[in-house]
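Engineer: Provided below: upload_18.cif, containing mmCIF, C-alpha atoms.
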data_entry
loop_
_atom_site.label_atom_id
_atom_site.label_comp_id
_atom_site.auth_asym_id
_atom_site.auth_seq_id
_atom_site.Cartn_x
_atom_site.Cartn_y
_atom_site.Cartn_z
CA MET A 1 0.21 -12.24 69.91
CA ALA A 2 3.16 -11.70 72.19
CA ALA A 3 3.86 -14.12 75.01
CA MET A 4 2.38 -12.91 78.29
CA GLU A 5 3.96 -12.91 81.72
CA ILE A 6 1.81 -14.59 84.33
CA ASP A 7 4.25 -14.49 87.25
CA THR A 8 6.65 -11.55 87.50
CA GLU A 9 8.89 -13.14 90.14
CA SER A 10 9.74 -16.33 88.25
CA ASN A 11 9.07 -14.66 84.89
CA LEU A 12 7.02 -17.55 83.51
CA GLN A 13 6.07 -17.18 79.86
CA ARG A 14 2.83 -18.62 78.52
CA LYS A 15 3.26 -21.22 75.79
CA GLN A 16 1.87 -20.41 72.34
CA SER A 17 0.13 -22.60 69.75
CA VAL A 18 -0.88 -22.27 66.11
CA TYR A 19 -4.67 -21.98 65.90
CA GLN A 20 -6.84 -22.45 62.81
CA LEU A 21 -10.60 -21.93 62.83
CA MET A 22 -12.52 -24.24 60.43
CA ASP A 23 -16.16 -23.42 61.20
CA GLU A 24 -17.02 -22.11 57.73
CA GLY A 25 -19.13 -25.19 56.94
CA PHE A 26 -21.41 -24.47 59.92
CA GLU A 27 -21.95 -20.79 59.15
CA ILE A 28 -25.27 -19.72 57.65
CA GLN A 29 -24.25 -16.93 55.29
CA LYS A 30 -26.04 -16.60 51.97
CA GLU A 31 -28.73 -19.18 52.70
CA MET A 32 -32.24 -17.73 52.55
CA TYR A 33 -35.37 -19.30 53.96
CA ARG A 34 -38.04 -19.31 51.25
CA GLY A 35 -40.45 -21.81 52.75
CA GLN A 36 -38.39 -24.86 51.71
CA GLN A 37 -39.14 -28.21 53.32
CA TYR A 38 -36.71 -30.56 55.07
CA SER A 39 -36.94 -33.15 52.32
CA GLN A 40 -34.13 -31.30 50.52
CA ILE A 41 -31.56 -31.82 53.27
CA TYR A 42 -32.48 -35.53 53.37
CA PHE A 43 -32.04 -35.72 49.59
CA ALA A 44 -28.66 -33.95 49.82
CA ARG A 45 -27.59 -36.35 52.59
CA LEU A 46 -28.68 -39.42 50.63
CA HIS A 47 -26.93 -38.28 47.45
CA LEU A 48 -23.69 -37.45 49.28
CA MET A 49 -23.47 -40.57 51.44
CA ARG A 50 -24.75 -42.98 48.79
CA THR A 51 -21.89 -41.89 46.51
CA LEU A 52 -19.51 -42.60 49.39
CA LEU A 53 -21.02 -46.03 50.12
CA TYR A 54 -20.92 -46.98 46.43
CA SER A 55 -17.17 -46.34 46.48
CA LEU A 56 -16.82 -48.77 49.42
CA LEU A 57 -18.87 -51.61 47.88
CA PRO A 58 -16.05 -53.09 45.69
CA ASN A 59 -14.05 -53.82 48.85
CA TRP A 60 -17.08 -55.11 50.75
CA LYS A 61 -19.15 -57.47 48.58
CA PRO A 62 -18.26 -56.94 44.91
CA GLN A 63 -20.08 -60.08 43.74
CA LEU A 64 -23.54 -58.79 44.72
CA PRO A 65 -25.69 -56.54 42.50
CA VAL A 66 -26.96 -53.17 43.74
CA CYS A 67 -30.73 -52.68 43.52
CA THR A 68 -33.23 -49.96 44.30
CA VAL A 69 -36.14 -50.65 46.65
CA LEU A 70 -38.53 -50.84 43.69
CA GLY A 71 -36.21 -53.27 41.90
CA LEU A 72 -36.12 -55.91 44.65
CA GLU A 73 -36.88 -59.50 43.63
CA LYS A 74 -38.05 -62.28 45.92
CA ASP A 75 -35.23 -64.47 47.38
CA LYS A 76 -32.59 -62.70 45.24
CA GLU A 77 -29.58 -61.53 47.28
CA CYS A 78 -28.55 -57.95 46.58
CA ILE A 79 -27.43 -54.69 48.15
CA ILE A 80 -29.70 -51.71 48.70
CA VAL A 81 -28.59 -48.25 49.80
CA GLY A 82 -30.92 -45.73 51.40
CA THR A 83 -31.98 -43.74 54.44
CA LEU A 84 -33.21 -45.46 57.58
CA PHE A 85 -36.53 -44.45 59.10
CA LYS A 86 -37.48 -45.69 62.56
CA HIS A 87 -41.13 -46.30 63.46
CA MET A 88 -41.41 -45.60 67.19
CA LYS A 89 -44.46 -46.41 69.26
CA LEU A 90 -43.61 -43.96 72.07
CA LYS A 91 -42.30 -41.10 69.95
CA PRO A 92 -44.09 -37.86 70.97
CA ARG A 93 -46.47 -36.43 68.39
CA VAL A 94 -47.85 -32.93 68.12
CA LEU A 95 -51.44 -34.20 67.86
CA ASP A 96 -51.09 -35.93 71.24
CA GLU A 97 -51.29 -32.52 72.90
CA TYR A 98 -54.78 -32.07 71.54
CA SER A 99 -55.92 -35.56 72.57
CA LYS A 100 -55.12 -35.23 76.27
CA GLU A 101 -58.60 -34.14 77.29
CA LYS A 102 -60.30 -36.87 75.25
CA SER A 103 -57.90 -39.67 76.11
CA ALA A 104 -58.71 -41.85 79.12
CA ALA A 105 -55.22 -43.37 79.32
CA PRO A 106 -52.43 -41.09 80.63
CA LEU A 107 -49.81 -40.04 78.09
CA VAL A 108 -46.42 -41.55 78.87
CA LYS A 109 -43.47 -39.14 78.99
CA PRO A 110 -40.39 -41.32 79.46
CA HIS A 111 -36.80 -40.10 79.25
CA ASN A 112 -36.16 -42.66 76.50
CA PHE A 113 -38.74 -43.41 73.80
CA VAL A 114 -37.40 -46.80 72.66
CA HIS A 115 -39.98 -49.62 72.64
CA GLN A 116 -39.64 -53.31 71.85
CA ASP A 117 -42.17 -52.96 69.00
CA ASP A 118 -40.07 -50.35 67.13
CA HIS A 119 -38.99 -51.33 63.61
CA LEU A 120 -36.83 -49.90 60.84
CA VAL A 121 -37.65 -49.01 57.25
CA LEU A 122 -35.20 -48.20 54.45
CA GLU A 123 -36.22 -45.76 51.75
CA ASP A 124 -34.73 -44.30 48.59
CA GLU A 125 -36.21 -42.27 45.71
CA SER A 126 -38.06 -45.32 44.37
CA GLY A 127 -39.85 -46.45 47.53
CA ARG A 128 -39.51 -47.91 51.02
CA VAL A 129 -39.27 -51.42 52.48
CA LYS A 130 -39.61 -52.77 56.02
CA LEU A 131 -36.42 -54.31 57.41
CA ARG A 132 -36.16 -57.55 59.38
CA GLY A 133 -33.34 -59.63 60.79
CA ASN A 134 -31.06 -59.87 63.81
CA VAL A 135 -28.23 -57.76 62.38
CA LEU A 136 -30.01 -54.41 62.37
CA LEU A 137 -31.23 -53.65 65.91
CA PRO A 138 -33.87 -50.88 66.08
CA SER A 139 -32.61 -49.87 69.53
CA VAL A 140 -29.22 -48.94 68.06
CA TYR A 141 -30.22 -47.00 64.94
CA VAL A 142 -32.22 -43.80 64.43
CA THR A 143 -34.00 -42.02 61.62
CA GLY A 144 -31.72 -40.25 59.14
CA ILE A 145 -28.76 -42.63 58.79
CA VAL A 146 -27.68 -43.66 55.28
CA VAL A 147 -26.46 -47.29 55.08
CA ALA A 148 -25.89 -50.13 52.61
CA LEU A 149 -27.66 -53.41 53.39
CA HIS A 150 -27.00 -56.94 52.13
CA GLY A 151 -30.02 -59.21 52.11
CA LYS A 152 -33.05 -60.40 50.16
CA GLU A 153 -36.77 -59.83 49.86
CA THR A 154 -39.01 -62.26 51.76
CA ASP A 155 -42.42 -63.71 50.89
CA ALA A 156 -44.06 -61.03 53.04
CA GLY A 157 -42.41 -58.27 51.01
CA ASP A 158 -39.95 -57.34 53.77
CA PHE A 159 -36.17 -57.15 53.33
CA TRP A 160 -34.22 -59.69 55.40
CA VAL A 161 -30.92 -58.05 56.40
CA GLU A 162 -27.85 -60.29 56.53
CA ASP A 163 -25.12 -57.64 56.78
CA ILE A 164 -24.74 -53.87 57.04
CA LEU A 165 -22.14 -51.41 55.75
CA GLU A 166 -21.74 -48.04 57.45
CA SER A 167 -19.76 -45.11 56.09
CA GLY A 168 -16.99 -45.43 58.69
CA LEU A 169 -14.47 -42.82 59.77
CA PRO A 170 -13.05 -40.48 57.10
CA ASP A 171 -9.33 -40.13 56.43
CA GLN A 172 -7.26 -38.64 59.23
CA ILE A 173 -4.11 -36.55 58.96
CA GLU A 174 -1.12 -37.75 60.98
CA LEU A 175 -0.44 -36.11 64.29
CA PRO A 176 2.68 -33.93 64.40
CA LEU A 177 5.76 -35.35 66.09
CA LYS A 178 6.00 -34.56 69.77
CA SER A 179 8.08 -31.42 70.30
CA GLY A 180 8.93 -32.21 73.91
CA ASP A 181 7.03 -29.27 75.42
CA ASP A 182 3.69 -30.06 77.06
CA LYS A 183 0.78 -27.86 76.05
CA TYR A 184 -2.70 -28.02 77.50
CA GLY A 185 -6.22 -27.20 76.39
CA VAL A 186 -8.98 -26.61 78.94
CA PHE A 187 -12.54 -27.66 78.10
CA VAL A 188 -15.51 -26.59 80.19
CA SER A 189 -19.27 -26.48 79.67
CA GLY A 190 -22.48 -25.77 81.55
CA LEU A 191 -21.22 -22.75 83.49
CA ASN A 192 -24.86 -21.66 83.88
CA VAL A 193 -23.97 -18.24 85.24
CA GLY A 194 -27.10 -16.82 86.87
CA SER A 195 -28.67 -20.14 87.85
CA SER A 196 -29.53 -21.09 91.42
CA VAL A 197 -27.00 -23.96 91.42
CA SER A 198 -24.13 -21.91 89.98
CA ASN A 199 -21.36 -20.97 92.42
CA PRO A 200 -19.59 -17.72 91.40
CA LEU A 201 -16.62 -18.52 93.64
CA GLN A 202 -16.14 -21.87 91.89
CA PHE A 203 -15.94 -20.23 88.46
CA GLN A 204 -13.61 -17.54 89.79
CA LEU A 205 -11.27 -20.24 91.15
CA LEU A 206 -11.22 -21.86 87.70
CA VAL A 207 -10.39 -18.51 86.09
CA ASP A 208 -7.59 -17.92 88.61
CA HIS A 209 -6.20 -21.40 87.94
CA ILE A 210 -6.18 -20.87 84.18
CA THR A 211 -4.62 -17.42 84.38
CA GLY A 212 -1.91 -18.52 86.83
CA HIS A 213 -3.08 -16.53 89.85
CA LEU A 214 -3.64 -19.61 92.00
CA GLY A 215 -1.34 -22.18 93.60
CA ASP A 216 2.39 -22.50 94.10
CA GLU A 217 5.12 -22.18 91.47
CA LYS A 218 4.49 -25.72 90.20
CA GLU A 219 0.80 -25.00 89.61
CA GLN A 220 1.66 -21.71 87.92
CA SER A 221 4.13 -23.43 85.61
CA ILE A 222 1.34 -25.81 84.54
CA ALA A 223 -1.01 -22.85 84.02
CA ALA A 224 1.65 -21.29 81.79
CA GLN A 225 1.31 -24.31 79.48
CA ILE A 226 -2.43 -23.74 78.88
CA VAL A 227 -2.69 -22.52 75.30
CA GLN A 228 -6.47 -22.69 74.68
CA VAL A 229 -9.75 -22.56 76.60
CA VAL A 230 -12.98 -23.85 75.03
CA ILE A 231 -16.41 -23.21 76.59
CA ALA A 232 -18.86 -25.72 75.10
CA GLY A 233 -22.29 -24.16 75.58
CA ASN A 234 -24.81 -23.26 78.29
CA SER A 235 -22.71 -20.44 79.68
CA VAL A 236 -25.64 -18.48 81.12
CA GLU A 237 -29.11 -19.22 82.43
CA ILE A 238 -31.76 -16.58 81.88
CA PRO A 239 -34.59 -16.63 84.49
CA HIS A 240 -37.43 -18.49 82.73
CA GLY A 241 -40.08 -16.55 84.62
CA LEU A 242 -39.15 -13.43 82.67
CA LEU A 243 -39.57 -15.11 79.28
CA ASN A 244 -43.38 -15.10 79.18
CA GLY A 245 -43.89 -13.20 75.94
CA GLN A 246 -44.89 -9.99 77.70
CA ASN A 247 -43.15 -6.62 77.50
CA LEU A 248 -40.48 -6.42 80.19
CA ALA A 249 -40.17 -3.62 82.69
CA SER A 250 -36.77 -1.95 82.97
CA LYS A 251 -36.12 -3.81 86.25
CA ASP A 252 -36.79 -7.16 84.58
CA GLN A 253 -34.61 -6.23 81.61
CA SER A 254 -31.78 -5.60 84.03
CA LYS A 255 -32.34 -9.03 85.61
CA MET A 256 -32.06 -10.68 82.20
CA SER A 257 -28.79 -8.99 81.36
CA GLU A 258 -27.09 -9.54 84.72
CA PRO A 259 -25.93 -13.15 84.01
CA ILE A 260 -24.39 -12.10 80.68
CA LYS A 261 -22.62 -9.14 82.28
CA GLU A 262 -21.24 -11.40 85.03
CA LEU A 263 -20.07 -13.91 82.41
CA ASP A 264 -18.34 -11.19 80.40
CA ILE A 265 -16.41 -10.00 83.46
CA LEU A 266 -15.04 -13.50 84.05
CA LEU A 267 -14.33 -14.18 80.37
CA THR A 268 -12.41 -10.89 80.15
CA GLN A 269 -10.01 -12.19 82.80
CA ILE A 270 -9.38 -15.34 80.73
CA ALA A 271 -9.14 -13.60 77.34
CA ALA A 272 -6.59 -11.16 78.77
CA GLY A 273 -4.09 -14.01 79.00
CA VAL A 274 -5.33 -17.11 77.13
CA PRO A 275 -7.00 -17.67 73.73
CA LEU A 276 -10.68 -18.40 74.36
CA ASP A 277 -13.41 -20.00 72.22
CA ILE A 278 -17.04 -19.81 73.33
CA MET A 279 -19.76 -21.93 71.73
CA PRO A 280 -23.52 -21.40 72.09
CA GLY A 281 -25.69 -24.01 73.78
CA PRO A 282 -29.42 -24.73 74.07
CA ASN A 283 -29.84 -22.30 77.00
CA ASP A 284 -27.75 -19.46 75.57
CA PRO A 285 -29.10 -16.34 73.79
CA ALA A 286 -28.57 -17.79 70.30
CA ASN A 287 -30.67 -19.45 67.61
CA PHE A 288 -32.18 -22.73 68.79
CA SER A 289 -31.70 -24.84 65.66
CA LEU A 290 -28.39 -26.39 64.64
CA PRO A 291 -25.92 -25.28 63.54
CA GLN A 292 -26.09 -22.58 66.19
CA GLN A 293 -24.46 -19.37 65.06
CA PRO A 294 -21.83 -17.54 67.14
CA LEU A 295 -23.03 -15.53 70.12
CA HIS A 296 -23.05 -11.86 69.13
CA ARG A 297 -19.95 -9.97 70.20
CA CYS A 298 -22.06 -7.13 71.62
CA LEU A 299 -22.95 -9.49 74.47
CA PHE A 300 -19.29 -9.43 75.54
CA PRO A 301 -18.06 -5.82 75.38
CA GLY A 302 -15.15 -6.56 77.71
CA SER A 303 -13.79 -9.89 76.46
CA SER A 304 -14.45 -9.21 72.75
CA ALA A 305 -11.98 -6.32 72.90
CA TYR A 306 -9.17 -8.92 72.99
CA ASN A 307 -8.07 -10.66 69.80
CA THR A 308 -7.78 -13.87 71.84
CA PHE A 309 -11.59 -14.02 72.17
CA LYS A 310 -13.52 -15.97 69.52
CA SER A 311 -17.26 -16.53 69.40
CA CYS A 312 -17.75 -19.77 67.46
CA THR A 313 -20.50 -21.95 66.03
CA ASN A 314 -21.98 -25.11 67.49
CA PRO A 315 -20.74 -27.58 66.19
CA HIS A 316 -17.18 -26.24 66.38
CA PHE A 317 -14.22 -27.43 64.27
CA PHE A 318 -10.66 -26.14 64.74
CA GLU A 319 -6.97 -27.06 64.82
CA LEU A 320 -4.35 -26.51 67.51
CA ASP A 321 -0.78 -27.25 66.41
CA ASN A 322 -2.20 -29.54 63.68
CA VAL A 323 -4.34 -31.45 66.20
CA ARG A 324 -7.92 -31.42 64.89
CA PHE A 325 -10.84 -30.86 67.27
CA LEU A 326 -14.55 -31.36 66.60
CA GLY A 327 -17.12 -30.68 69.27
CA THR A 328 -20.72 -29.85 70.09
CA SER A 329 -22.59 -28.45 73.08
CA GLY A 330 -24.35 -31.79 73.56
CA GLN A 331 -27.70 -31.53 71.73
CA ASN A 332 -26.80 -34.21 69.16
CA ILE A 333 -25.83 -36.81 71.77
CA ASP A 334 -28.70 -35.96 74.14
CA ASP A 335 -31.17 -36.47 71.27
CA LEU A 336 -29.63 -39.85 70.40
CA ASP A 337 -30.06 -40.78 74.06
CA LYS A 338 -33.81 -40.17 73.73
CA TYR A 339 -34.40 -42.23 70.59
CA SER A 340 -31.85 -45.06 70.86
CA GLU A 341 -29.95 -47.01 73.51
CA ALA A 342 -26.27 -47.40 74.42
CA LYS A 343 -24.21 -48.37 77.46
CA ASP A 344 -22.85 -44.82 77.82
CA LYS A 345 -22.64 -41.44 76.06
CA LEU A 346 -19.26 -42.33 74.55
CA GLU A 347 -20.92 -45.12 72.57
CA PHE A 348 -23.32 -42.58 71.05
CA MET A 349 -20.30 -40.49 70.08
CA GLU A 350 -18.65 -43.53 68.46
CA ARG A 351 -21.77 -44.18 66.41
CA THR A 352 -21.90 -40.63 65.02
CA LEU A 353 -18.32 -41.05 63.82
CA ARG A 354 -19.02 -44.48 62.28
CA TRP A 355 -22.11 -43.09 60.59
CA ARG A 356 -19.96 -40.10 59.52
CA HIS A 357 -22.66 -37.69 60.66
CA ILE A 358 -22.64 -35.41 63.70
CA ALA A 359 -26.42 -35.07 64.04
CA PRO A 360 -28.24 -37.94 62.29
CA THR A 361 -31.56 -37.22 64.08
CA ALA A 362 -31.70 -33.71 62.58
CA PRO A 363 -34.16 -32.58 61.31
CA ASN A 364 -36.49 -35.40 62.44
CA THR A 365 -36.30 -34.86 66.21
CA LEU A 366 -33.46 -32.32 66.48
CA GLY A 367 -34.01 -28.81 65.15
CA CYS A 368 -31.79 -27.71 62.28
CA TYR A 369 -31.76 -25.10 59.52
CA PRO A 370 -33.50 -26.30 56.30
CA PHE A 371 -30.46 -26.44 54.01
CA THR A 372 -31.31 -27.03 50.35
CA ASP A 373 -28.10 -28.18 48.67
CA ARG A 374 -25.81 -29.46 51.42
CA ASP A 375 -25.69 -31.24 54.76
CA PRO A 376 -23.18 -29.44 57.03
CA PHE A 377 -23.26 -32.22 59.62
CA PHE A 378 -21.56 -34.72 57.30
CA ILE A 379 -18.07 -35.41 58.69
CA GLU A 380 -15.61 -34.88 55.82
CA ARG A 381 -12.42 -34.73 57.91
CA CYS A 382 -11.66 -37.05 60.81
CA PRO A 383 -10.82 -35.23 64.07
CA HIS A 384 -8.16 -36.32 66.54
CA VAL A 385 -10.34 -35.13 69.44
CA TYR A 386 -14.14 -35.27 69.52
CA PHE A 387 -15.77 -33.60 72.52
CA VAL A 388 -19.36 -33.12 73.67
CA GLY A 389 -20.39 -30.66 76.35
CA ASN A 390 -23.11 -30.50 79.05
CA GLN A 391 -23.03 -34.17 80.04
CA ASP A 392 -23.79 -35.71 83.43
CA LYS A 393 -20.24 -36.87 84.13
CA TYR A 394 -16.69 -36.83 82.77
CA GLU A 395 -15.83 -39.77 80.51
CA THR A 396 -13.15 -40.46 77.91
CA ARG A 397 -11.71 -43.25 75.80
CA LEU A 398 -9.95 -43.85 72.49
CA MET A 399 -11.83 -44.99 69.38
CA LYS A 400 -10.01 -46.75 66.55
CA GLY A 401 -11.14 -46.78 62.91
CA SER A 402 -10.76 -49.51 60.29
CA GLU A 403 -7.89 -47.71 58.55
CA GLY A 404 -5.81 -46.80 61.58
CA GLN A 405 -7.68 -43.66 62.62
CA VAL A 406 -7.58 -42.92 66.33
CA VAL A 407 -9.94 -40.43 67.97
CA ARG A 408 -9.98 -39.24 71.57
CA LEU A 409 -13.61 -39.05 72.78
CA ILE A 410 -14.40 -36.68 75.66
CA CYS A 411 -17.64 -36.08 77.58
CA ILE A 412 -17.41 -32.70 79.33
CA PRO A 413 -19.58 -32.49 82.48
CA ARG A 414 -21.69 -29.48 83.45
CA PHE A 415 -19.33 -27.27 85.44
CA GLY A 416 -22.09 -25.49 87.36
CA GLU A 417 -23.21 -28.81 88.88
CA THR A 418 -19.94 -30.75 89.14
CA GLY A 419 -17.18 -28.13 89.37
CA ILE A 420 -15.17 -30.19 86.85
CA ALA A 421 -13.25 -28.91 83.83
CA VAL A 422 -11.27 -31.17 81.46
CA VAL A 423 -7.57 -30.57 80.79
CA LEU A 424 -6.04 -32.17 77.68
CA ASN A 425 -2.33 -32.54 76.95
CA LEU A 426 -2.05 -31.73 73.25
CA THR A 427 1.28 -33.52 72.81
CA GLU A 428 -0.08 -36.85 74.11
CA THR A 429 -3.64 -36.70 72.81
CA LEU A 430 -3.84 -40.24 71.42
CA VAL A 431 -1.37 -42.11 73.64
CA PRO A 432 -3.35 -44.73 75.59
CA ASN A 433 -0.57 -46.49 77.49
CA ARG A 434 1.57 -43.62 78.73
CA ARG A 435 0.54 -41.20 81.46
CA ASN A 436 -3.06 -40.15 80.91
CA PRO A 437 -3.10 -37.08 78.66
CA LEU A 438 -6.47 -36.15 80.14
CA ARG A 439 -7.35 -35.19 83.63
CA SER A 440 -10.45 -33.71 85.17
CA LEU A 441 -9.82 -30.51 87.09
CA LEU A 442 -12.05 -30.37 90.16
CA VAL A 443 -12.52 -26.86 91.44
#
Would you kindly transcribe this structure into C-alpha cells?

Structural biologist:
Amino acid sequence: MAAMEIDTESNLQRKQSVYQLMDEGFEIQKEMYRGQQYSQIYFARLHLMRTLLYSLLPNWKPQLPVCTVLGLEKDKECIIVGTLFKHMKLKPRVLDEYSKEKSAAPLVKPHNFVHQDDHLVLEDESGRVKLRGNVLLPSVYVTGIVVALHGKETDAGDFWVEDILESGLPDQIELPLKSGDDKYGVFVSGLNVGSSVSNPLQFQLLVDHITGHLGDEKEQSIAAQIVQVVIAGNSVEIPHGLLNGQNLASKDQSKMSEPIKELDILLTQIAAGVPLDIMPGPNDPANFSLPQQPLHRCLFPGSSAYNTFKSCTNPHFFELDNVRFLGTSGQNIDDLDKYSEAKDKLEFMERTLRWRHIAPTAPNTLGCYPFTDRDPFFIERCPHVYFVGNQDKYETRLMKGSEGQVVRLICIPRFGETGIAVVLNLTETLVPNRRNPLRSLLV
C-alpha cells in the first residue's frame, strides 16, 4: 500500500509497518459439531500440557517419582500432574432457577463467587483427589488449569501439596533493534455505537486525531506515525428491547441496523488512511462462544472496500514489525474475575500467561466451541504485548518470565464510557525506564 498524504501543506507521509496476521489457530474451518461433549477439549488440554510439564520436571525436582492419582501411596512423596477442578459453594447452577419458588432463603447473586469454603481437586484419567495445604490457594486458581504438584497422600486420603509447578511463559523471539523512527499503534475498545452513553462527537474526534485532521502540525506529525488501529470488541450496542424473539417490523429492523451503519461510516474514515483490525466482542453481532469468528464483511460495506480493513477473530494474534501482539475483547479476564480473586486485572492477565492458557475457565464457565482434537487457547508463542479490551480503567505494566521473557500487559478501558484510547510506541514496547512507551489518549 502506498504511503498516504495526511497534510498537503507540510506533505507529511504516514509511516508504514510490516503486518502479519496469525489468527489461523482461532479460526473454526473444517470443524463440525456432531454432538460431541466438552470432555474432549479437556482431554486434549491435559495431554498437551502434561507433555510440556513432564519436560520441565528434570529441572524442577528430578529426584521425585511421578505418580497417577490412583497410584498414590500414603506418606510417600511424589509428583502428580492433572487438571484442577474447583468446588465452589456460590457458583450459579442451572437447577437453582427452578428452586426459586420453593426456596425460602433468597438466592445470592454476587459479582464474585469465591467463598472461604471453596476447595480444589486434581484429576487425571485414573481418578481425582482432594488437595490440601497452604501453597495452593483456592481463591487464586480456577477449574481447567493443568499443573504439576509435589506432595504426599495423607491419612484422610487427601493430597498435601508442598510445591506447585506451572507451565510458565513459552519462548519469546527477540525484539528487533530500534530503527530510530517512532511508530505507534492505537488500541480502543467498547465504542458501543448506538448506546445511550455513547457520544458520537467523542468517537469522531478520535477518528480525526488518528487520521491527522485534528490539532497543529506537531499533533499531525504524531498522527502520521500511527501505523495500526485495533478495535478490541463491543463496537456496537443493539437495543435489547428489539431482541425478544418476535418477528421485527421494518421500522424495528432499521433501528437494529442503524448502529452498524454509523460504525461503518466512522471506520471507513480510519481505513481510508490507516490499517485497521476489528475484533468481535460479547455485545457484537457475532457468535457468542470463544473463539469468536470475524464479523462478516457485509456489515461494513464502506470500510471493507479498503485493503487496510481486517475483520479478525477474538482472541487476536498478529505481528507488527516483528513485535508480537496477543489480545482478547475481555471475556477471559472478566470470567476469571468472577471465579477467583486478584489485586487488579493485570494480575489475572499475568496468571493466564503463567498458566500458558488464554481462557482456562472455558468451557466450564466461559462458552467455547467443543473442539475435539486441539485446544486453541493454549499459548504456544510468547507475545511481546498482551492486551485485553472492555475494562473499567486503563492499566499497564511489564511482566517478566523465568527465562528472560518480557511482556507488556495492557488493560484497554471502554471508550464509550471513558473516552480513552491507548497509544503504544512500537519501538519502545518493553523499555520500562525510558520515557513511557504507552500513553492514554483522552478524547

Engineer: In Å to one decimal, how far is CA of Ile278 in chain A from CA of Thr313 in chain A?

Structural biologist: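 Between these atoms lies a distance of 8.4 Å.
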
Engineer: For the provided coordinates, the residues matched by the PyMOL selection byres ((chain A and resi 399) around 12) should be stated as a short mmCIF file (atom, residue, chain, number, x, y, z; two decimals) with C-alpha atoms, in the frame of the given file.

Structural biologist:
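Ended up saving to out_37.cif:
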data_model
loop_
_atom_site.label_atom_id
_atom_site.label_comp_id
_atom_site.auth_asym_id
_atom_site.auth_seq_id
_atom_site.Cartn_x
_atom_site.Cartn_y
_atom_site.Cartn_z
CA GLY A 168 -16.99 -45.43 58.69
CA LEU A 169 -14.47 -42.82 59.77
CA LEU A 346 -19.26 -42.33 74.55
CA GLU A 347 -20.92 -45.12 72.57
CA PHE A 348 -23.32 -42.58 71.05
CA MET A 349 -20.30 -40.49 70.08
CA GLU A 350 -18.65 -43.53 68.46
CA ARG A 351 -21.77 -44.18 66.41
CA THR A 352 -21.90 -40.63 65.02
CA LEU A 353 -18.32 -41.05 63.82
CA ARG A 354 -19.02 -44.48 62.28
CA CYS A 382 -11.66 -37.05 60.81
CA PRO A 383 -10.82 -35.23 64.07
CA HIS A 384 -8.16 -36.32 66.54
CA VAL A 385 -10.34 -35.13 69.44
CA TYR A 386 -14.14 -35.27 69.52
CA THR A 396 -13.15 -40.46 77.91
CA ARG A 397 -11.71 -43.25 75.80
CA LEU A 398 -9.95 -43.85 72.49
CA LYS A 400 -10.01 -46.75 66.55
CA GLY A 401 -11.14 -46.78 62.91
CA SER A 402 -10.76 -49.51 60.29
CA GLU A 403 -7.89 -47.71 58.55
CA GLY A 404 -5.81 -46.80 61.58
CA GLN A 405 -7.68 -43.66 62.62
CA VAL A 406 -7.58 -42.92 66.33
CA VAL A 407 -9.94 -40.43 67.97
CA ARG A 408 -9.98 -39.24 71.57
CA LEU A 409 -13.61 -39.05 72.78
CA ILE A 410 -14.40 -36.68 75.66
CA LEU A 430 -3.84 -40.24 71.42
CA VAL A 431 -1.37 -42.11 73.64
CA PRO A 432 -3.35 -44.73 75.59
#

Engineer: Given only C-alpha atoms, how would the per-residue table for range 281-376 of chain A near range 81-90 of chain A read, listing every residue at most 12 Å away with its closest atom pair and distance in Å to one decimal, sorted by chain and number, as CSV?

Structural biologist:
residue,atom,partner,partner_atom,distance
A:Lys338,CA,A:Leu90,CA,10.6
A:Tyr339,CA,A:Met88,CA,8.5
A:Ser340,CA,A:Lys86,CA,10.0
A:Trp355,CA,A:Thr83,CA,11.6
A:Pro360,CA,A:Leu84,CA,10.2
A:Thr361,CA,A:Phe85,CA,10.1
A:Asn364,CA,A:Phe85,CA,9.6
A:Thr365,CA,A:Lys86,CA,11.5

Engineer: With C-alpha atoms kept, could you save the residues just selected as a short mmCIF file (atom, residue, chain, number, x, y, z; two decimals), in the frame of the given file?

Structural biologist:
data_model
loop_
_atom_site.label_atom_id
_atom_site.label_comp_id
_atom_site.auth_asym_id
_atom_site.auth_seq_id
_atom_site.Cartn_x
_atom_site.Cartn_y
_atom_site.Cartn_z
CA LYS A 338 -33.81 -40.17 73.73
CA TYR A 339 -34.40 -42.23 70.59
CA SER A 340 -31.85 -45.06 70.86
CA TRP A 355 -22.11 -43.09 60.59
CA PRO A 360 -28.24 -37.94 62.29
CA THR A 361 -31.56 -37.22 64.08
CA ASN A 364 -36.49 -35.40 62.44
CA THR A 365 -36.30 -34.86 66.21
#

Engineer: Would you kindly return, as a PyMOL selection string, each protein, DNA or RNA residue with an atom no farther than 7 Å from any atom of range 372-377 of chain A, considering all atoms listed in the file and excluding same-chain residues fewer than 4 positions away?

Structural biologist: chain A and resi 25-26+40-41+44-45+357-359

Engineer: With all atoms listed in the file as the basis for distance, which of A:His119, A:Arg297, A:Arg414, A:Arg356 is at the shortest distance from Pro285 in chain A?

Structural biologist: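 Closest residue, counting all atoms listed in the file: A:Arg297.
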
Engineer: What does the structure give for the distance between CA of Cys67 in chain A and CA of Thr51 in chain A, in Å to one decimal?

Structural biologist: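 Going from CA of Cys67 in chain A over to CA of Thr51 in chain A, I get 14.3 Å.
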
Engineer: Rank A:Asp208, A:Glu125, A:Asp23, A:Asp155 by their smallest atom-to-atom distance to Lys76 in chain A, using all atoms listed in the file, and report the top residue only.

Structural biologist: A:Asp155

Engineer: Record the distance separating CA of Val186 in chain A and CA of Pro239 in chain A, expressed in Å with one decimal.

Structural biologist: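 Straight-line distance from CA of Val186 in chain A to CA of Pro239 in chain A works out to 28.0 Å.
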
Engineer: With a distance cut-off of 8 Å and all atoms listed in the file, select the neighbouring residues of Phe300 in chain A, excluding the residue or stretch itself and same-chain residues fewer than 6 positions from it, and output the selection as a VMD selection string.

Structural biologist: chain A and resid 260 to 261 264

Engineer: Please write the residues from the selection above to a file, keeping C-alpha atoms, as an mmCIF file, in the coordinates of the input.

Structural biologist:
data_model
loop_
_atom_site.group_PDB
_atom_site.id
_atom_site.type_symbol
_atom_site.label_atom_id
_atom_site.label_comp_id
_atom_site.auth_asym_id
_atom_site.auth_seq_id
_atom_site.Cartn_x
_atom_site.Cartn_y
_atom_site.Cartn_z
ATOM 1 C CA ILE A 260 -24.390 -12.100 80.680
ATOM 2 C CA LYS A 261 -22.620 -9.140 82.280
ATOM 3 C CA ASP A 264 -18.340 -11.190 80.400
#
